[in-house]
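Note: the block below is protein23.txt and it holds compact mmCIF, C-alpha atoms (C1' of nucleotides).
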```
# COMPACT_ATOMS: atom_id res chain seq x y z
CA MET G 1144 45.96 -8.50 70.81
CA ASN G 1145 43.99 -10.05 68.09
CA SER G 1146 46.81 -11.38 65.96
CA GLY G 1147 48.92 -12.89 68.70
CA ARG G 1148 51.37 -15.53 67.54
CA ASN G 1149 49.40 -18.41 68.91
CA ALA G 1150 46.11 -17.22 67.56
CA ILE G 1151 47.27 -19.49 64.74
CA ASP G 1152 47.40 -22.51 67.01
CA GLU G 1153 44.03 -21.59 68.34
CA ARG G 1154 42.57 -21.56 64.86
CA ARG G 1155 44.24 -24.82 64.06
CA GLU G 1156 42.52 -26.32 67.09
CA ARG G 1157 39.22 -25.00 65.86
CA LEU G 1158 39.76 -26.62 62.49
CA VAL G 1159 40.77 -29.95 64.00
CA GLU G 1160 37.75 -29.95 66.24
CA ALA G 1161 35.40 -28.99 63.43
CA CYS G 1162 36.76 -31.83 61.32
CA ARG G 1163 36.27 -34.29 64.15
CA ARG G 1164 32.69 -33.18 64.56
CA ALA G 1165 32.03 -33.46 60.86
CA GLY G 1166 33.79 -36.81 60.72
CA ILE G 1167 36.32 -35.76 58.12
CA LYS G 1168 40.06 -36.15 58.16
CA VAL G 1169 42.60 -33.55 59.18
CA THR G 1170 45.15 -33.52 56.42
CA PRO G 1171 48.20 -31.29 56.12
CA GLN G 1172 46.71 -29.78 52.96
CA ARG G 1173 43.58 -28.78 54.81
CA LEU G 1174 45.61 -27.27 57.60
CA GLU G 1175 47.77 -25.27 55.22
CA ILE G 1176 44.87 -24.03 53.15
CA PHE G 1177 42.87 -23.01 56.17
CA GLU G 1178 45.86 -21.29 57.75
CA GLU G 1179 46.50 -19.37 54.58
CA VAL G 1180 43.02 -17.93 54.49
CA ALA G 1181 42.94 -17.37 58.24
CA ARG G 1182 46.28 -15.60 58.24
CA ARG G 1183 45.24 -12.93 55.76
CA ASP G 1184 43.06 -9.95 56.28
CA ASP G 1185 42.37 -9.44 52.63
CA HIS G 1186 40.06 -11.97 51.03
CA PRO G 1187 42.03 -14.11 48.65
CA ASP G 1188 40.58 -16.02 45.73
CA ALA G 1189 41.35 -19.66 45.10
CA ALA G 1190 44.30 -18.90 42.84
CA GLN G 1191 45.97 -16.68 45.42
CA VAL G 1192 45.55 -19.29 48.13
CA HIS G 1193 46.95 -21.91 45.81
CA ARG G 1194 49.99 -19.84 44.94
CA GLU G 1195 50.87 -19.16 48.58
CA VAL G 1196 50.19 -22.64 49.87
CA ARG G 1197 52.38 -24.05 47.14
CA ARG G 1198 55.39 -22.24 48.52
CA ARG G 1199 55.25 -24.42 51.60
CA MET G 1200 53.72 -27.48 50.01
CA PRO G 1201 54.47 -27.54 46.29
CA SER G 1202 52.43 -30.61 45.49
CA VAL G 1203 49.09 -29.09 46.43
CA SER G 1204 46.84 -28.89 43.42
CA MET G 1205 44.28 -26.31 42.47
CA ASP G 1206 41.40 -28.72 42.76
CA THR G 1207 42.35 -29.59 46.32
CA VAL G 1208 42.36 -25.90 47.11
CA TYR G 1209 38.87 -25.54 45.69
CA ARG G 1210 37.55 -28.65 47.37
CA THR G 1211 38.98 -27.58 50.68
CA LEU G 1212 37.77 -24.00 50.47
CA TRP G 1213 34.21 -25.06 49.75
CA MET G 1214 34.39 -27.63 52.47
CA LEU G 1215 35.57 -25.05 54.97
CA ASP G 1216 32.67 -22.91 53.82
CA ASP G 1217 30.29 -25.80 54.48
CA LEU G 1218 31.80 -26.29 57.91
CA GLY G 1219 31.26 -22.61 58.58
CA LEU G 1220 34.95 -21.98 59.18
CA ILE G 1221 35.29 -19.52 56.34
CA ARG G 1222 32.82 -17.73 54.13
CA ALA G 1223 32.70 -17.54 50.35
CA MET G 1224 32.10 -14.02 49.08
CA GLY G 1225 30.64 -13.00 45.77
CA PRO G 1226 33.36 -11.86 43.42
CA GLY G 1227 33.60 -8.61 41.55
CA ARG G 1228 34.06 -10.17 38.20
CA GLY G 1229 34.42 -13.90 37.83
CA LYS G 1230 36.29 -14.94 40.96
CA THR G 1231 35.02 -16.14 44.30
CA ARG G 1232 36.89 -14.84 47.32
CA PHE G 1233 37.15 -16.38 50.76
CA ASP G 1234 36.89 -14.76 54.15
CA ALA G 1235 38.07 -16.38 57.37
CA ASN G 1236 36.95 -13.54 59.61
CA LEU G 1237 33.99 -14.96 61.46
CA SER G 1238 33.51 -12.09 63.84
CA ARG G 1239 30.91 -9.48 63.01
CA HIS G 1240 32.39 -7.16 60.44
CA HIS G 1241 31.71 -5.21 57.28
CA HIS G 1242 33.43 -4.76 53.96
CA PHE G 1243 34.98 -1.94 52.03
CA VAL G 1244 35.34 -2.87 48.35
CA CYS G 1245 37.21 -0.85 45.75
CA VAL G 1246 35.11 -0.76 42.60
CA ARG G 1247 38.22 -0.05 40.58
CA CYS G 1248 40.65 -2.77 41.59
CA GLY G 1249 38.68 -5.15 43.80
CA PHE G 1250 40.68 -4.38 46.96
CA THR G 1251 38.56 -5.64 49.85
CA ARG G 1252 39.07 -5.00 53.55
CA ASP G 1253 37.13 -5.55 56.72
CA PHE G 1254 36.07 -2.83 59.07
CA TYR G 1255 34.16 -2.82 62.33
CA SER G 1256 31.46 -0.66 63.82
CA ASP G 1257 29.36 -1.22 66.89
CA GLU G 1258 26.84 1.21 65.56
CA LEU G 1259 26.40 -0.67 62.32
CA ASP G 1260 26.27 -3.97 64.17
CA ARG G 1261 23.26 -2.72 66.05
CA LEU G 1262 21.18 -1.90 63.03
CA THR G 1263 17.66 -3.27 62.99
CA LEU G 1264 16.12 -4.71 59.87
CA PRO G 1265 12.73 -3.51 58.65
CA LYS G 1266 9.85 -5.98 58.90
CA THR G 1267 9.65 -6.20 55.12
CA VAL G 1268 12.72 -8.41 55.34
CA ALA G 1269 10.81 -11.00 57.31
CA ALA G 1270 8.48 -11.37 54.32
CA LEU G 1271 11.42 -12.48 52.19
CA GLY G 1272 12.81 -15.09 54.54
CA ARG G 1273 14.56 -15.78 57.80
CA ALA G 1274 17.55 -13.48 58.22
CA GLU G 1275 20.65 -15.10 59.67
CA SER G 1276 23.24 -12.39 59.35
CA SER G 1277 23.77 -9.03 57.78
CA GLN G 1278 26.65 -6.86 56.84
CA ILE G 1279 27.39 -3.60 55.12
CA GLU G 1280 29.19 -3.45 51.84
CA VAL G 1281 30.75 -0.08 51.20
CA ARG G 1282 31.81 0.57 47.65
CA GLY G 1283 34.31 3.20 46.75
CA ILE G 1284 37.79 3.93 45.51
CA CYS G 1285 40.69 2.68 47.60
CA LYS G 1286 43.69 4.85 48.48
CA ALA G 1287 45.90 3.16 45.92
CA CYS G 1288 43.49 3.73 43.04
CA ALA G 1289 42.84 7.29 44.16
CA SER G 1290 46.54 8.09 43.99
CA HIS G 1291 46.77 6.60 40.51
CA ASP G 1292 44.11 9.12 39.59
CA ASP G 1293 46.22 11.94 40.96
CA ALA G 1294 49.23 10.75 39.03
CA GLY G 1295 47.21 10.33 35.87
CA THR G 1296 45.65 13.80 35.94
CA MET J 917 2.58 3.94 40.60
CA ASN J 918 6.05 2.84 40.15
CA SER J 919 5.53 0.22 37.47
CA GLY J 920 3.18 2.26 35.27
CA ARG J 921 3.11 1.21 31.64
CA ASN J 922 5.22 4.10 30.50
CA ALA J 923 7.85 3.71 33.17
CA ILE J 924 9.24 1.50 30.43
CA ASP J 925 9.34 4.37 27.98
CA GLU J 926 10.92 6.52 30.59
CA ARG J 927 13.71 4.01 31.09
CA ARG J 928 14.15 3.69 27.38
CA GLU J 929 14.63 7.44 27.21
CA ARG J 930 17.22 7.25 29.92
CA LEU J 931 19.12 4.60 27.99
CA VAL J 932 18.96 6.54 24.74
CA GLU J 933 20.20 9.65 26.39
CA ALA J 934 23.00 7.83 28.18
CA CYS J 935 24.11 6.35 24.87
CA ARG J 936 24.10 9.76 23.25
CA ARG J 937 26.24 11.15 26.01
CA ALA J 938 28.66 8.25 25.78
CA GLY J 939 28.71 8.47 21.99
CA ILE J 940 27.56 4.91 21.44
CA LYS J 941 24.79 3.62 19.27
CA VAL J 942 21.31 2.73 20.36
CA THR J 943 20.65 -0.70 18.91
CA PRO J 944 17.53 -2.81 19.32
CA GLN J 945 19.61 -5.44 21.10
CA ARG J 946 20.76 -2.91 23.66
CA LEU J 947 17.22 -1.74 24.19
CA GLU J 948 15.92 -5.26 24.69
CA ILE J 949 18.69 -6.30 27.02
CA PHE J 950 18.37 -3.21 29.13
CA GLU J 951 14.60 -3.53 29.28
CA GLU J 952 14.87 -7.12 30.39
CA VAL J 953 17.07 -6.28 33.34
CA ALA J 954 15.08 -3.16 34.17
CA ARG J 955 11.77 -5.02 34.06
CA ARG J 956 12.72 -7.58 36.68
CA ASP J 957 13.00 -7.18 40.39
CA ASP J 958 15.12 -10.25 40.85
CA HIS J 959 18.71 -9.95 39.68
CA PRO J 960 19.19 -12.13 36.65
CA ASP J 961 22.49 -13.51 35.49
CA ALA J 962 23.64 -13.23 31.88
CA ALA J 963 22.17 -16.61 30.91
CA GLN J 964 18.72 -15.68 32.21
CA VAL J 965 18.74 -12.38 30.40
CA HIS J 966 19.83 -14.14 27.26
CA ARG J 967 17.07 -16.73 27.48
CA GLU J 968 14.35 -14.11 27.94
CA VAL J 969 15.61 -11.65 25.37
CA ARG J 970 15.80 -14.46 22.83
CA ARG J 971 12.06 -15.00 23.04
CA ARG J 972 11.52 -11.62 21.46
CA MET J 973 14.71 -11.44 19.43
CA PRO J 974 15.96 -14.95 18.69
CA SER J 975 19.14 -13.92 16.96
CA VAL J 976 20.69 -12.25 20.01
CA SER J 977 23.83 -14.07 21.05
CA MET J 978 25.26 -14.67 24.45
CA ASP J 979 28.29 -12.54 23.80
CA THR J 980 26.17 -9.57 22.87
CA VAL J 981 24.33 -10.01 26.13
CA TYR J 982 27.59 -9.98 28.05
CA ARG J 983 29.02 -7.05 26.15
CA THR J 984 25.87 -5.07 26.63
CA LEU J 985 25.49 -5.86 30.31
CA TRP J 986 29.05 -4.78 31.09
CA MET J 987 28.60 -1.69 29.00
CA LEU J 988 25.43 -0.77 30.85
CA ASP J 989 27.40 -1.30 34.04
CA ASP J 990 30.07 1.10 32.77
CA LEU J 991 27.42 3.64 31.88
CA GLY J 992 26.05 3.31 35.39
CA LEU J 993 22.63 2.19 34.17
CA ILE J 994 22.80 -1.16 35.91
CA ARG J 995 25.09 -2.66 38.49
CA ALA J 996 26.94 -5.96 38.41
CA MET J 997 26.63 -7.89 41.65
CA GLY J 998 28.91 -10.58 43.01
CA PRO J 999 27.12 -13.91 42.88
CA GLY J 1000 27.02 -16.70 45.41
CA ARG J 1001 28.89 -19.19 43.34
CA GLY J 1002 30.26 -18.51 39.90
CA LYS J 1003 27.72 -16.29 38.20
CA THR J 1004 27.55 -12.54 38.02
CA ARG J 1005 24.11 -11.04 38.44
CA PHE J 1006 22.84 -7.69 37.26
CA ASP J 1007 20.73 -5.15 39.08
CA ALA J 1008 18.87 -2.31 37.36
CA ASN J 1009 17.56 -0.80 40.56
CA LEU J 1010 19.51 2.40 40.92
CA SER J 1011 17.59 3.80 43.86
CA ARG J 1012 19.03 3.29 47.31
CA HIS J 1013 18.21 -0.22 48.40
CA HIS J 1014 19.51 -3.30 50.17
CA HIS J 1015 19.62 -7.00 49.44
CA PHE J 1016 18.24 -10.14 50.97
CA VAL J 1017 20.14 -13.18 49.70
CA CYS J 1018 19.17 -16.78 50.32
CA VAL J 1019 22.32 -18.72 51.18
CA ARG J 1020 20.63 -21.91 50.10
CA CYS J 1021 19.32 -21.15 46.62
CA GLY J 1022 20.69 -17.74 45.74
CA PHE J 1023 17.28 -16.04 45.66
CA THR J 1024 17.99 -12.31 45.85
CA ARG J 1025 15.53 -9.50 46.44
CA ASP J 1026 15.68 -5.82 47.17
CA PHE J 1027 14.29 -4.18 50.24
CA TYR J 1028 14.18 -0.60 51.43
CA SER J 1029 14.68 1.11 54.75
CA ASP J 1030 15.03 4.76 55.56
CA GLU J 1031 16.70 3.87 58.80
CA LEU J 1032 19.36 1.80 57.11
CA ASP J 1033 19.85 4.47 54.48
CA ARG J 1034 20.75 6.92 57.20
CA LEU J 1035 23.53 4.87 58.71
CA THR J 1036 26.82 6.61 59.24
CA LEU J 1037 30.13 4.97 58.49
CA PRO J 1038 32.89 4.88 61.09
CA LYS J 1039 35.97 6.99 60.38
CA THR J 1040 38.06 3.86 60.00
CA VAL J 1041 36.45 3.51 56.60
CA ALA J 1042 37.99 6.75 55.43
CA ALA J 1043 41.39 5.19 56.02
CA LEU J 1044 40.61 2.52 53.46
CA GLY J 1045 39.40 4.79 50.70
CA ARG J 1046 36.73 7.14 49.51
CA ALA J 1047 33.29 5.63 50.05
CA GLU J 1048 30.81 6.17 47.25
CA SER J 1049 27.88 4.02 48.29
CA SER J 1050 26.93 1.43 50.82
CA GLN J 1051 24.31 -1.19 51.21
CA ILE J 1052 23.29 -3.96 53.53
CA GLU J 1053 23.44 -7.56 52.52
CA VAL J 1054 21.21 -9.76 54.62
CA ARG J 1055 21.89 -13.46 54.36
CA GLY J 1056 19.35 -16.01 55.34
CA ILE J 1057 16.97 -18.70 54.17
CA CYS J 1058 14.20 -17.65 51.83
CA LYS J 1059 10.57 -18.72 52.29
CA ALA J 1060 10.79 -21.30 49.56
CA CYS J 1061 13.86 -23.02 50.99
CA ALA J 1062 12.40 -22.88 54.49
CA SER J 1063 9.31 -24.73 53.35
CA HIS J 1064 11.43 -27.38 51.69
CA ASP J 1065 12.95 -27.91 55.11
CA ASP J 1066 9.50 -28.42 56.62
CA ALA J 1067 8.62 -30.94 53.96
CA GLY J 1068 11.95 -32.72 54.35
CA THR J 1069 11.76 -33.09 58.14
C1' DC L 1348 28.53 6.04 3.55
C1' DT L 1349 31.49 4.43 7.50
C1' DA L 1350 32.55 3.55 12.07
C1' DT L 1351 30.12 0.70 15.42
C1' DT L 1352 28.07 -3.24 16.54
C1' DT L 1353 26.45 -7.86 15.95
C1' DG L 1354 26.63 -13.07 15.65
C1' DC L 1355 29.36 -16.81 15.13
C1' DA L 1356 32.70 -19.80 16.62
C1' DA L 1357 36.74 -20.50 18.75
C1' DA L 1358 39.61 -19.02 22.86
C1' DT L 1359 40.21 -18.23 27.86
C1' DA L 1360 39.39 -18.36 32.58
C1' DA L 1361 37.22 -20.40 36.49
C1' DT L 1362 35.70 -24.33 38.72
C1' DT L 1363 34.41 -29.31 38.96
C1' DT L 1364 34.84 -34.27 38.41
C1' DG L 1365 36.59 -39.32 37.57
C1' DC L 1366 40.09 -42.24 38.78
C1' DA L 1367 44.22 -44.60 40.83
C1' DG L 1368 47.49 -44.18 44.22
C1' DT L 1369 48.51 -42.51 49.28
C1' DG L 1370 47.94 -41.77 54.03
C1' DC L 1371 45.03 -40.64 58.28
C1' DG L 1372 42.59 -42.84 61.98
C1' DC C 1218 43.99 -52.09 57.04
C1' DG C 1219 40.19 -49.41 54.74
C1' DC C 1220 37.96 -45.68 53.34
C1' DA C 1221 38.52 -40.85 52.87
C1' DC C 1222 41.69 -37.75 50.53
C1' DT C 1223 44.96 -36.12 47.09
C1' DG C 1224 46.85 -35.09 42.49
C1' DC C 1225 46.41 -35.42 37.85
C1' DA C 1226 44.21 -34.59 33.72
C1' DA C 1227 40.21 -34.11 31.37
C1' DA C 1228 35.38 -32.05 31.60
C1' DT C 1229 32.25 -28.21 32.52
C1' DT C 1230 30.74 -23.80 33.02
C1' DA C 1231 31.31 -18.81 32.70
C1' DT C 1232 32.98 -15.19 30.09
C1' DT C 1233 35.84 -13.01 26.38
C1' DT C 1234 37.71 -12.20 21.80
C1' DG C 1235 38.68 -12.08 16.50
C1' DC C 1236 36.53 -11.30 12.39
C1' DA C 1237 33.21 -10.73 8.47
C1' DA C 1238 28.60 -9.21 7.72
C1' DA C 1239 24.94 -5.93 9.19
C1' DT C 1240 23.25 -1.35 10.58
C1' DA C 1241 22.65 3.12 13.20
C1' DG C 1242 23.52 7.87 12.56
```

Represent the structure from my file as structure tokens, please.
Amino acid sequence: MNSGRNAIDERRERLVEACRRAGIKVTPQRLEIFEEVARRDDHPDAAQVHREVRRRMPSVSMDTVYRTLWMLDDLGLIRAMGPGRGKTRFDANLSRHHHFVCVRCGFTRDFYSDELDRLTLPKTVAALGRAESSQIEVRGICKACASHDDAGT
Amino acid sequence: MNSGRNAIDERRERLVEACRRAGIKVTPQRLEIFEEVARRDDHPDAAQVHREVRRRMPSVSMDTVYRTLWMLDDLGLIRAMGPGRGKTRFDANLSRHHHFVCVRCGFTRDFYSDELDRLTLPKTVAALGRAESSQIEVRGICKACASHDDAGT
DNA sequence: CTATTTGCAAATAATTTGCAGTGCG
DNA sequence: CGCACTGCAAATTATTTGCAAATAG
């Protein structure tokens, strides 16, 4: 239901409209870069986006990828996530969700939970600032890394 | 109670013991670097740690700071955190806690909540891997940035 | 003593920026 | 047609590494 074929078109519309609002141009590079992030359910870093986008549009340069990703972040169309070690990753999932992160290999995936979405923050948080959103980060070992362990032992 | 003068000594003991276990040497640089991270309740990046440690031990180099921080992370004495944009930060708070992060300036502070600590993860998480820990990340605007807004408007 | 560790400086990796040509609106 | 946008290459910033001298155990 969620990943219907024309969900893509829908997202493209959202991008076009957001650009209009912000008064910036809709270029094919921006469309491709946004689509690439929106298409994936992992959370690619700039280099991964660049590599994939290049397959369809070989002239796209790394700096355009960066500029576009940060711009999409500013527009609120994607979200930059803190990296594990050195790299920033980008997340196009704007619905309420949480993250599972493998501490071994960096594998990162979304998961959902109504219960977790309902959590209430303690009042001590209000003393730190105005909360806008919250999400859980679960750290652990992903299936793939766990099976390497089995093999190794 | 928590920040008593000899909580420092206690931490030092913990470091010394951890080094013994791991078979690595206890050097003054390692002590200083660990103390610096452990002393603070913000989550400094490598450059900040370096700057502070230098005041007491001017010869310490940036690369020693990095090497030591990652080693402490390996030993489980501190934890590396994904930054907002480019820099890794380090957290010496090993007790169960959560983070408030200012999306504007990067200000990051811990907060605690028994209720949040008790949250249960949905079974979908198990499909992704073995969870080892979880914490909430609250994003928002910190007091300082909010007051800049007031001034600016 | 002797293997580890440090500090230095140079090497990488990640990300940003200045500029001239190109294309969206 | 004009200004915003791209691609290139060079600049920055963040982090890592090789090696000789220093030092913990």

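Selecting chain L residues within 9 Å of chain G and counting all atoms listed in the file yields DA1360, DA1361, DT1362, DT1363, DC1371 and DG1372 of chain L.
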
Hey, can you check how far atom CA of Asp1026 of chain J sits from atom CA of His959 of chain J? 9.1 Å

Return the neighbours of chain J among the residues of chain C, cut-off 9 Å, counting all atoms listed in the file, as a PyMOL selection string. chain C and resi 1230-1233+1240-1242

Could you write those residues out with C-alpha atoms (C1' of nucleotides), as a PDB file, keeping the file's coordinate frame?
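The resulting again_36.pdb:
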```
ATOM      1  C1'  DT C1230      30.740 -23.800  33.020  1.00  0.00           C
ATOM      2  C1'  DA C1231      31.310 -18.810  32.700  1.00  0.00           C
ATOM      3  C1'  DT C1232      32.980 -15.190  30.090  1.00  0.00           C
ATOM      4  C1'  DT C1233      35.840 -13.010  26.380  1.00  0.00           C
ATOM      5  C1'  DT C1240      23.250  -1.350  10.580  1.00  0.00           C
ATOM      6  C1'  DA C1241      22.650   3.120  13.200  1.00  0.00           C
ATOM      7  C1'  DG C1242      23.520   7.870  12.560  1.00  0.00           C
TER       8       DG C1242
END
```

Residues of chain J within 6 Å of chain G, counting all atoms listed in the file, what are they? List them as a ChimeraX atom specification. /J:998-1000,1044-1059

What separation in Å, quoted to one decimal, exists between atom C1' of DA1367 of chain L and atom CA of Arg1197 of chain G?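 Those two atoms sit 23.0 Å apart.
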
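Nearest residue to DT1352 of chain L, choosing from J:Asp1066, J:Arg927, J:Gly1022, J:Arg946 and counting all atoms listed in the file: J:Arg946.
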
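Residue nearest Ala1165 of chain G within the list G:Val1192, G:Leu1237, G:Cys1248, G:Leu1215: G:Leu1215 [criterion: smallest interatomic distance, all atoms listed in the file].
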
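Between Asp961 of chain J and the residues J:Glu933, J:Asp989, J:Asp925, J:Asp1007, the shortest atom-to-atom distance, using only C-alpha atoms, involves J:Asp1007.
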
Rounded to one decimal place, report the atom CA of His1291 of chain G-atom C1' of DT1234 of chain C distance in Å. 28.0 Å

Non-local contacts of DC1225 of chain C (12 Å; only C-alpha atoms (C1' of nucleotides); under 5 positions in same chain excluded) as a list in words: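 Near DC1225 of chain C, the qualifying residues are Ser1202, Val1203, Ser1204, Met1205, Asp1206 and Thr1207 of chain G; DT1364, DG1365, DC1366, DA1367 and DG1368 of chain L.
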